[in-house]
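> Supplied structure: entry_17.txt, compact mmCIF, C-alpha atoms and all ligand atoms.
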```txt
# COMPACT_ATOMS: atom_id res chain seq x y z
CA MET A 1 25.56 -47.38 61.26
CA ILE A 2 21.80 -47.75 60.81
CA THR A 3 20.12 -47.25 57.42
CA CYS A 4 16.40 -46.78 56.81
CA SER A 5 14.66 -46.06 53.54
CA ALA A 6 11.25 -44.63 52.70
CA PRO A 7 9.41 -44.60 49.36
CA GLY A 8 8.20 -41.75 47.22
CA LYS A 9 4.64 -41.66 45.91
CA VAL A 10 2.42 -40.73 43.00
CA TYR A 11 -1.12 -39.40 43.18
CA LEU A 12 -3.70 -41.31 41.14
CA PHE A 13 -6.24 -38.70 42.29
CA GLY A 14 -6.68 -35.76 44.57
CA GLU A 15 -3.60 -33.55 44.95
CA HIS A 16 -4.56 -30.02 46.07
CA ALA A 17 -8.17 -31.10 46.78
CA VAL A 18 -6.85 -33.18 49.70
CA VAL A 19 -5.56 -29.98 51.35
CA TYR A 20 -9.24 -28.98 51.73
CA GLY A 21 -10.37 -32.33 53.20
CA GLU A 22 -11.41 -33.98 49.93
CA SER A 23 -10.36 -37.58 49.26
CA ALA A 24 -7.18 -38.53 47.42
CA ILE A 25 -5.65 -41.84 46.33
CA CYS A 26 -1.89 -42.17 46.43
CA CYS A 27 0.51 -45.03 45.64
CA ALA A 28 3.90 -45.53 47.25
CA VAL A 29 6.42 -46.26 44.48
CA GLU A 30 9.61 -48.29 44.49
CA LEU A 31 11.84 -45.20 44.35
CA ARG A 32 13.42 -44.62 47.74
CA THR A 33 15.35 -42.19 49.88
CA LYS A 34 17.94 -43.84 52.13
CA VAL A 35 19.09 -42.25 55.35
CA SER A 36 22.06 -43.64 57.30
CA VAL A 37 22.81 -42.48 60.83
CA GLU A 38 25.60 -43.07 63.34
CA LYS A 39 26.53 -41.51 66.65
CA SER A 40 29.72 -39.45 66.49
CA ASP A 41 32.19 -38.82 69.29
CA GLU A 42 32.38 -35.09 68.80
CA ASN A 43 29.18 -33.37 69.92
CA GLU A 44 28.51 -32.30 66.37
CA ILE A 45 25.56 -32.70 63.99
CA ILE A 46 26.66 -33.50 60.42
CA ILE A 47 24.13 -33.81 57.58
CA GLU A 48 25.45 -34.95 54.19
CA SER A 49 23.51 -35.06 50.89
CA ILE A 50 23.90 -33.99 47.28
CA LEU A 51 22.95 -30.51 48.55
CA GLY A 52 26.17 -30.37 50.62
CA ARG A 53 27.59 -31.09 54.09
CA THR A 54 26.09 -28.97 56.85
CA GLY A 55 25.27 -28.92 60.54
CA LEU A 56 21.72 -28.12 61.66
CA ASP A 57 20.77 -25.89 58.74
CA HIS A 58 17.16 -24.93 58.03
CA ASP A 59 18.03 -23.49 54.61
CA THR A 60 19.99 -26.37 53.07
CA HIS A 61 18.50 -29.32 55.02
CA PRO A 62 15.25 -28.01 56.53
CA TYR A 63 13.46 -31.36 56.89
CA VAL A 64 16.33 -33.24 58.55
CA SER A 65 17.17 -30.26 60.78
CA TYR A 66 13.59 -30.19 62.08
CA VAL A 67 13.66 -33.99 62.47
CA ILE A 68 16.68 -33.73 64.79
CA GLU A 69 15.02 -30.96 66.79
CA LYS A 70 11.77 -32.94 67.12
CA MET A 71 13.52 -36.22 67.97
CA ARG A 72 15.28 -34.44 70.85
CA ARG A 73 11.89 -34.75 72.59
CA PHE A 74 12.49 -38.53 72.71
CA ALA A 75 16.30 -38.86 72.92
CA ASP A 76 19.41 -37.02 74.02
CA ILE A 77 20.81 -36.36 70.53
CA LYS A 78 24.21 -34.66 70.70
CA GLY A 79 26.68 -35.90 68.08
CA VAL A 80 25.24 -37.63 65.03
CA ARG A 81 26.22 -38.06 61.39
CA ILE A 82 23.37 -38.37 58.87
CA ILE A 83 23.94 -39.37 55.24
CA ILE A 84 21.12 -38.99 52.69
CA GLU A 85 21.01 -40.75 49.33
CA SER A 86 17.94 -40.54 47.12
CA GLU A 87 16.49 -42.00 43.95
CA LEU A 88 13.80 -39.31 44.16
CA PRO A 89 14.40 -36.03 42.38
CA VAL A 90 13.99 -33.06 44.79
CA GLY A 91 10.96 -30.76 44.32
CA SER A 92 9.46 -32.96 41.62
CA GLY A 93 6.12 -34.02 43.10
CA LEU A 94 7.30 -37.54 43.98
CA GLY A 95 7.33 -36.88 47.71
CA SER A 96 11.09 -36.53 48.20
CA SER A 97 10.65 -34.28 51.24
CA ALA A 98 8.25 -36.72 52.93
CA ALA A 99 10.57 -39.66 52.17
CA VAL A 100 13.66 -37.98 53.64
CA THR A 101 11.69 -36.88 56.70
CA VAL A 102 10.16 -40.31 57.34
CA ALA A 103 13.43 -42.22 56.71
CA SER A 104 15.38 -39.85 59.02
CA ILE A 105 12.83 -40.19 61.84
CA GLN A 106 12.87 -43.99 61.60
CA ALA A 107 16.70 -44.15 61.42
CA LEU A 108 17.03 -41.98 64.57
CA ASN A 109 14.17 -43.92 66.17
CA HIS A 110 16.26 -47.11 65.78
CA LEU A 111 19.59 -45.51 66.70
CA TYR A 112 18.31 -43.98 69.95
CA GLU A 113 15.65 -46.66 70.63
CA CYS A 114 12.88 -44.07 70.99
CA GLY A 115 10.06 -46.58 70.51
CA LEU A 116 8.06 -44.49 68.03
CA SER A 117 5.30 -46.46 66.26
CA LEU A 118 4.60 -46.12 62.54
CA GLU A 119 1.58 -43.92 63.42
CA GLY A 120 3.91 -41.77 65.55
CA ILE A 121 6.43 -41.49 62.70
CA ALA A 122 3.72 -40.44 60.22
CA LYS A 123 2.37 -37.86 62.68
CA THR A 124 5.80 -36.38 63.49
CA ALA A 125 6.73 -36.27 59.78
CA HIS A 126 3.47 -34.46 58.98
CA GLU A 127 4.15 -31.87 61.72
CA ILE A 128 7.59 -31.26 60.16
CA GLU A 129 6.18 -30.89 56.61
CA LYS A 130 3.73 -28.30 57.96
CA MET A 131 6.59 -26.41 59.65
CA VAL A 132 8.54 -26.24 56.36
CA GLN A 133 5.72 -25.94 53.81
CA GLY A 134 2.84 -24.29 55.64
CA ASN A 135 -0.43 -25.93 54.65
CA ALA A 136 0.64 -29.57 54.03
CA SER A 137 -1.84 -32.47 54.04
CA PRO A 138 -0.82 -35.74 55.78
CA THR A 139 -0.84 -37.62 52.46
CA ASP A 140 2.82 -37.75 51.45
CA THR A 141 4.16 -38.50 54.93
CA TYR A 142 1.47 -41.12 55.65
CA VAL A 143 1.98 -42.97 52.35
CA SER A 144 5.77 -42.87 52.68
CA THR A 145 5.50 -44.33 56.20
CA MET A 146 2.90 -47.03 55.49
CA GLY A 147 3.51 -47.86 51.81
CA GLY A 148 0.84 -49.32 49.52
CA VAL A 149 -2.11 -47.64 47.86
CA VAL A 150 -3.81 -45.38 50.36
CA MET A 151 -6.98 -43.34 50.43
CA ILE A 152 -6.64 -40.11 52.42
CA PRO A 153 -8.07 -38.69 54.68
CA GLN A 154 -9.67 -42.07 55.47
CA ARG A 155 -6.17 -43.62 55.84
CA LYS A 156 -7.59 -46.70 54.16
CA LYS A 157 -5.30 -49.19 52.41
CA LEU A 158 -6.58 -50.24 48.97
CA ASP A 159 -5.35 -53.10 46.76
CA LEU A 160 -2.09 -52.62 44.91
CA ILE A 161 -2.29 -51.37 41.31
CA ASN A 162 -1.46 -54.18 38.93
CA CYS A 163 0.06 -52.20 36.08
CA PRO A 164 3.38 -50.45 35.45
CA ILE A 165 3.65 -46.79 36.37
CA VAL A 166 5.62 -44.41 34.17
CA VAL A 167 6.76 -41.12 35.67
CA GLY A 168 7.82 -38.21 33.46
CA ASN A 169 10.00 -35.53 35.02
CA THR A 170 9.95 -32.06 33.42
CA HIS A 171 13.08 -31.13 35.42
CA LYS A 172 11.40 -27.83 36.15
CA PHE A 173 11.61 -27.20 39.92
CA SER A 174 8.30 -26.40 41.54
CA SER A 175 7.59 -25.12 45.03
CA THR A 176 4.73 -26.98 46.71
CA LYS A 177 4.31 -24.12 49.16
CA GLU A 178 3.91 -21.59 46.33
CA LEU A 179 1.48 -23.75 44.33
CA VAL A 180 -0.66 -24.56 47.38
CA GLY A 181 -0.70 -20.80 48.08
CA ASN A 182 -1.77 -20.03 44.48
CA VAL A 183 -4.70 -22.46 44.73
CA ALA A 184 -5.69 -20.97 48.11
CA LYS A 185 -5.75 -17.49 46.53
CA LEU A 186 -7.82 -18.69 43.56
CA ARG A 187 -10.24 -20.41 45.95
CA SER A 188 -10.66 -17.29 48.04
CA ASP A 189 -11.09 -15.07 44.94
CA PHE A 190 -13.63 -17.40 43.25
CA PRO A 191 -15.08 -19.72 45.93
CA SER A 192 -18.21 -20.55 43.93
CA VAL A 193 -16.07 -21.73 41.00
CA ILE A 194 -13.07 -23.36 42.68
CA GLU A 195 -14.79 -25.16 45.58
CA PRO A 196 -16.93 -27.32 43.25
CA ILE A 197 -13.81 -28.21 41.24
CA LEU A 198 -12.03 -29.39 44.40
CA TYR A 199 -15.17 -31.27 45.46
CA ASN A 200 -15.36 -32.99 42.05
CA ILE A 201 -11.71 -34.01 42.27
CA GLY A 202 -12.51 -35.62 45.64
CA GLN A 203 -15.49 -37.44 44.12
CA MET A 204 -13.19 -39.17 41.65
CA SER A 205 -11.29 -40.81 44.50
CA ILE A 206 -14.58 -41.97 46.03
CA LEU A 207 -15.60 -43.55 42.70
CA ALA A 208 -12.12 -45.00 42.16
CA GLU A 209 -11.98 -46.87 45.47
CA LYS A 210 -14.26 -49.62 44.09
CA LEU A 211 -12.55 -49.53 40.68
CA VAL A 212 -9.16 -50.21 42.30
CA SER A 213 -10.51 -53.30 44.04
CA GLU A 214 -12.04 -54.47 40.74
CA GLY A 215 -8.79 -53.78 38.83
CA ASP A 216 -10.75 -51.66 36.34
CA TYR A 217 -7.81 -49.56 35.15
CA LYS A 218 -9.59 -48.43 31.98
CA THR A 219 -12.23 -46.56 34.01
CA ILE A 220 -9.65 -45.39 36.55
CA GLY A 221 -7.70 -43.99 33.59
CA LYS A 222 -10.73 -42.08 32.26
CA LEU A 223 -11.19 -40.47 35.67
CA MET A 224 -7.47 -39.68 36.00
CA ASN A 225 -7.61 -37.85 32.67
CA ILE A 226 -10.60 -35.82 33.93
CA ASN A 227 -8.62 -35.07 37.10
CA GLN A 228 -5.81 -33.73 34.86
CA GLY A 229 -8.26 -31.31 33.22
CA LEU A 230 -9.38 -30.04 36.62
CA LEU A 231 -5.77 -29.58 37.78
CA ASP A 232 -5.23 -27.42 34.68
CA ALA A 233 -8.39 -25.49 35.62
CA ILE A 234 -6.98 -24.61 39.07
CA GLY A 235 -3.79 -23.32 37.51
CA VAL A 236 -1.22 -25.95 38.45
CA GLY A 237 -0.50 -27.15 34.92
CA SER A 238 2.33 -26.03 32.65
CA ALA A 239 3.24 -26.34 28.97
CA GLU A 240 6.00 -28.84 29.82
CA LEU A 241 3.67 -31.02 31.90
CA SER A 242 0.96 -30.97 29.22
CA SER A 243 3.46 -31.91 26.58
CA LEU A 244 4.54 -35.02 28.56
CA VAL A 245 0.91 -35.87 29.40
CA TYR A 246 -0.15 -35.79 25.73
CA ALA A 247 2.99 -37.66 24.62
CA ALA A 248 2.17 -40.45 27.10
CA ARG A 249 -1.48 -40.63 26.06
CA GLY A 250 -0.49 -40.55 22.37
CA SER A 251 1.73 -43.59 22.86
CA GLY A 252 -1.01 -45.71 24.43
CA ALA A 253 -0.98 -44.86 28.14
CA ILE A 254 -4.18 -45.82 29.97
CA SER A 255 -4.06 -42.38 31.60
CA ALA A 256 -1.70 -39.49 32.19
CA LYS A 257 -1.85 -36.61 34.63
CA ILE A 258 0.22 -34.35 36.84
CA THR A 259 1.33 -35.89 40.13
CA GLY A 260 1.93 -33.70 43.18
CA ALA A 261 1.85 -29.95 43.32
CA GLY A 262 2.31 -29.36 39.57
CA GLY A 263 3.74 -26.19 38.04
CA GLY A 264 6.75 -28.29 37.01
CA GLY A 265 7.89 -31.52 38.57
CA CYS A 266 6.40 -34.77 37.36
CA MET A 267 3.46 -36.35 35.58
CA VAL A 268 2.36 -39.95 36.00
CA ALA A 269 1.01 -42.40 33.43
CA LEU A 270 -0.53 -45.84 33.92
CA ALA A 271 0.79 -48.28 31.33
CA GLY A 272 -0.71 -51.43 29.86
CA GLU A 273 1.02 -54.80 30.24
CA ASN A 274 3.38 -54.29 27.32
CA ASN A 275 3.70 -50.61 26.53
CA ALA A 276 5.61 -49.00 29.44
CA GLU A 277 8.79 -48.77 27.29
CA ASP A 278 6.87 -47.07 24.43
CA ILE A 279 5.37 -44.54 26.85
CA ALA A 280 8.78 -43.87 28.42
CA ARG A 281 10.29 -43.28 24.96
CA ALA A 282 7.47 -40.87 24.02
CA ILE A 283 8.02 -38.92 27.26
CA GLU A 284 11.77 -38.71 26.55
CA ASN A 285 11.10 -37.57 22.96
CA ALA A 286 8.86 -34.82 24.34
CA GLY A 287 11.77 -33.54 26.47
CA GLY A 288 11.11 -35.28 29.80
CA GLU A 289 13.03 -37.87 31.77
CA ALA A 290 11.06 -41.09 32.09
CA ILE A 291 11.21 -43.54 34.97
CA ILE A 292 9.37 -46.87 34.79
CA THR A 293 8.40 -48.01 38.26
CA ASN A 294 5.80 -49.91 40.21
CA ASN A 295 3.78 -49.41 43.34
CA THR A 296 5.08 -51.01 46.51
CA LYS A 297 3.37 -52.27 49.62
CA GLU A 298 6.43 -51.45 51.72
CA GLY A 299 6.66 -48.12 53.48
CA VAL A 300 9.58 -47.07 55.66
CA ARG A 301 11.94 -49.96 56.38
CA LEU A 302 15.20 -50.84 58.02
CA GLU A 303 17.74 -51.75 55.31
C1 LIG B 401 1.94 -32.24 47.12
O1 LIG B 401 2.65 -33.46 46.92
C2 LIG B 401 0.46 -32.50 47.19
C3 LIG B 401 -0.42 -31.29 47.51
O2 LIG B 401 -1.76 -31.79 47.57
C4 LIG B 401 -0.06 -30.65 48.83
C5 LIG B 401 -0.38 -31.50 50.04
O3 LIG B 401 -1.16 -32.44 49.96
O4 LIG B 401 0.19 -31.16 51.11
C6 LIG B 401 -0.35 -30.26 46.42
```
If you convert what's in this file into structure tokens, what do you get?
Ligand code: MEV

Amino acid sequence: MITCSAPGKVYLFGEHAVVYGESAICCAVELRTKVSVEKSDENEIIIESILGRTGLDHDTHPYVSYVIEKMRRFADIKGVRIIIESELPVGSGLGSSAAVTVASIQALNHLYECGLSLEGIAKTAHEIEKMVQGNASPTDTYVSTMGGVVMIPQRKKLDLINCPIVVGNTHKFSSTKELVGNVAKLRSDFPSVIEPILYNIGQMSILAEKLVSEGDYKTIGKLMNINQGLLDAIGVGSAELSSLVYAARGSGAISAKITGAGGGGCMVALAGENNAEDIARAIENAGGEAIITNNTKEGVRLE
């Protein structure tokens, strides 16, 4: 049996704006999805996860089903058993769909010796996200494949962030496809208002590139908080997310904002050297589930 894992991610800047070609900065985080694969004698596809045990099934396991179909371009896949285990909550803005897609491609790549490069994995994973979600940017799949702190669309690796990251999960499911669609509608209804907002979000990533290399988290934090205000302005906030964001800021976080598509899902806070536990407690007291994590330079890997 071969096992590969791929990390989730948080956005420091730029979700939604990146769909329109603006810059974003994303960090891979040390929360992983593991995919194990083995050939089976019967010519049967079996996919097992907390969502159930299915064959090729585009409703229950859309990402892995498309992975198998795509990987049949490179290998003669007949009978295979695929087991998915994840530390990433599904539909929460932490990139669980990218992580399962990337880890499955790499696991099958090893099992069938397809010879796909990391660039090839990121590209195939992005094609699959677009098939499932519609208008998906390459961000989540690229960061999950390569790891580290990455600026998109430049695909430029930045220095790692040297402070703890606290994630707050609202446990409210959100559909990326629906939220991306809502922003598209708002942009087409009010282009003169929404386009400058998306442009300004992109400008924060451009400013932050230098700040990341200088380790100036205080200024990065100020910009992240402005980014949060602009995400609210384009309608992807929610009462639950705001409540966790303000709880984190109130307990000393350097910054706190939505991460990912919004609507529900998760927020992310940057913590100081000694206050990650306090921020996590404040998030829990405000009704969220807190996870203290860190960024990671490692993308998809063989376990
Ligand atoms: C979702 O994690 C991030 C969005 O920007 C969509 C995308 O980039 O595909 C909302």
> Determine the nearest neighbour of A:Val64 from the options A:Asp189, A:Glu129, A:Glu38, A:Glu113, counting all atoms listed in the file.
A:Glu129
> Residues up to 9 Å from ligand LIG 401 (chain B), counting all atoms listed in the file: could you list those as a PyMOL selection string?
chain A and resi 9-11+14-20+24+92-95+98+129-130+133-140+176-177+179-180+259-262
> For atom CA of A:Thr60 and atom CA of A:His110, quote the distance in Å rounded to one decimal.
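Computing the Euclidean distance for atom CA of A:Thr60 and atom CA of A:His110 yields 24.6 Å.
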> Using Å and a single decimal, report how far atom CA of A:Thr101 sits from atom CA of A:Cys163.
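Between atom CA of A:Cys163 and atom CA of A:Thr101 the gap is 28.2 Å.
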> Please enclose the listed atoms of stretch 80-84 of chain A in an axis-aligned box, pad each side by 3 Å, and write out the centre and the three edge lengths in Å, rounded to one decimal, as AutoDock Vina command-line options.

```
--center_x 23.7 --center_y -38.5 --center_z 58.9 --size_x 11.1 --size_y 7.7 --size_z 18.3
```
> Which polymer residues have any atom within 9 Å of an atom of A:Ala286, counting all atoms listed in the file, with same-chain residues fewer than 3 positions away left out, as a compact mmCIF listing (two decimals) with C-alpha atoms, keeping the file's coordinate frame?

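Saved the output as result_13.txt:
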```
# COMPACT_ATOMS: atom_id res chain seq x y z
CA GLU A 240 6.00 -28.84 29.82
CA SER A 243 3.46 -31.91 26.58
CA LEU A 244 4.54 -35.02 28.56
CA ALA A 247 2.99 -37.66 24.62
CA ARG A 281 10.29 -43.28 24.96
CA ALA A 282 7.47 -40.87 24.02
CA ILE A 283 8.02 -38.92 27.26
```
> Using atom CA of A:Arg249 and atom CA of A:Cys26 as the two end points, give the distance in Å to one decimal.
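Between atom CA of A:Arg249 and atom CA of A:Cys26 the gap is 20.4 Å.
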> Under the rule that all atoms listed in the file are counted, which of A:Glu289, A:Glu42, A:Glu277, A:Glu119 is the nearest residue to A:Thr170?
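Closest to A:Thr170, using all atoms listed in the file: A:Glu289.
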> Within 12 Å of (0.3, -46.9, 24.8) in the file's own coordinates, which protein, DNA or RNA residues have an atom, counting all atoms listed in the file? List them as a PyMOL selection string.
chain A and resi 164+166+245-256+269-283
> Find the spatial neighbours of A:Gly215, counting all atoms listed in the file, within a cut-off of 8 Å - ignore same-chain residues fewer than 3 positions away - and output them as a ChimeraX atom specification.
/A:161-162,211-212
> Could you check which of A:Val29, A:Val167, A:Leu116, A:Ala233 is closest to A:Ala99, using all atoms listed in the file?
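Closest candidate: A:Val29.
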> When distances are computed from only C-alpha atoms, which of A:Tyr142, A:Tyr112, A:Phe74, A:Tyr66 shows the smallest separation from A:Pro7?
A:Tyr142
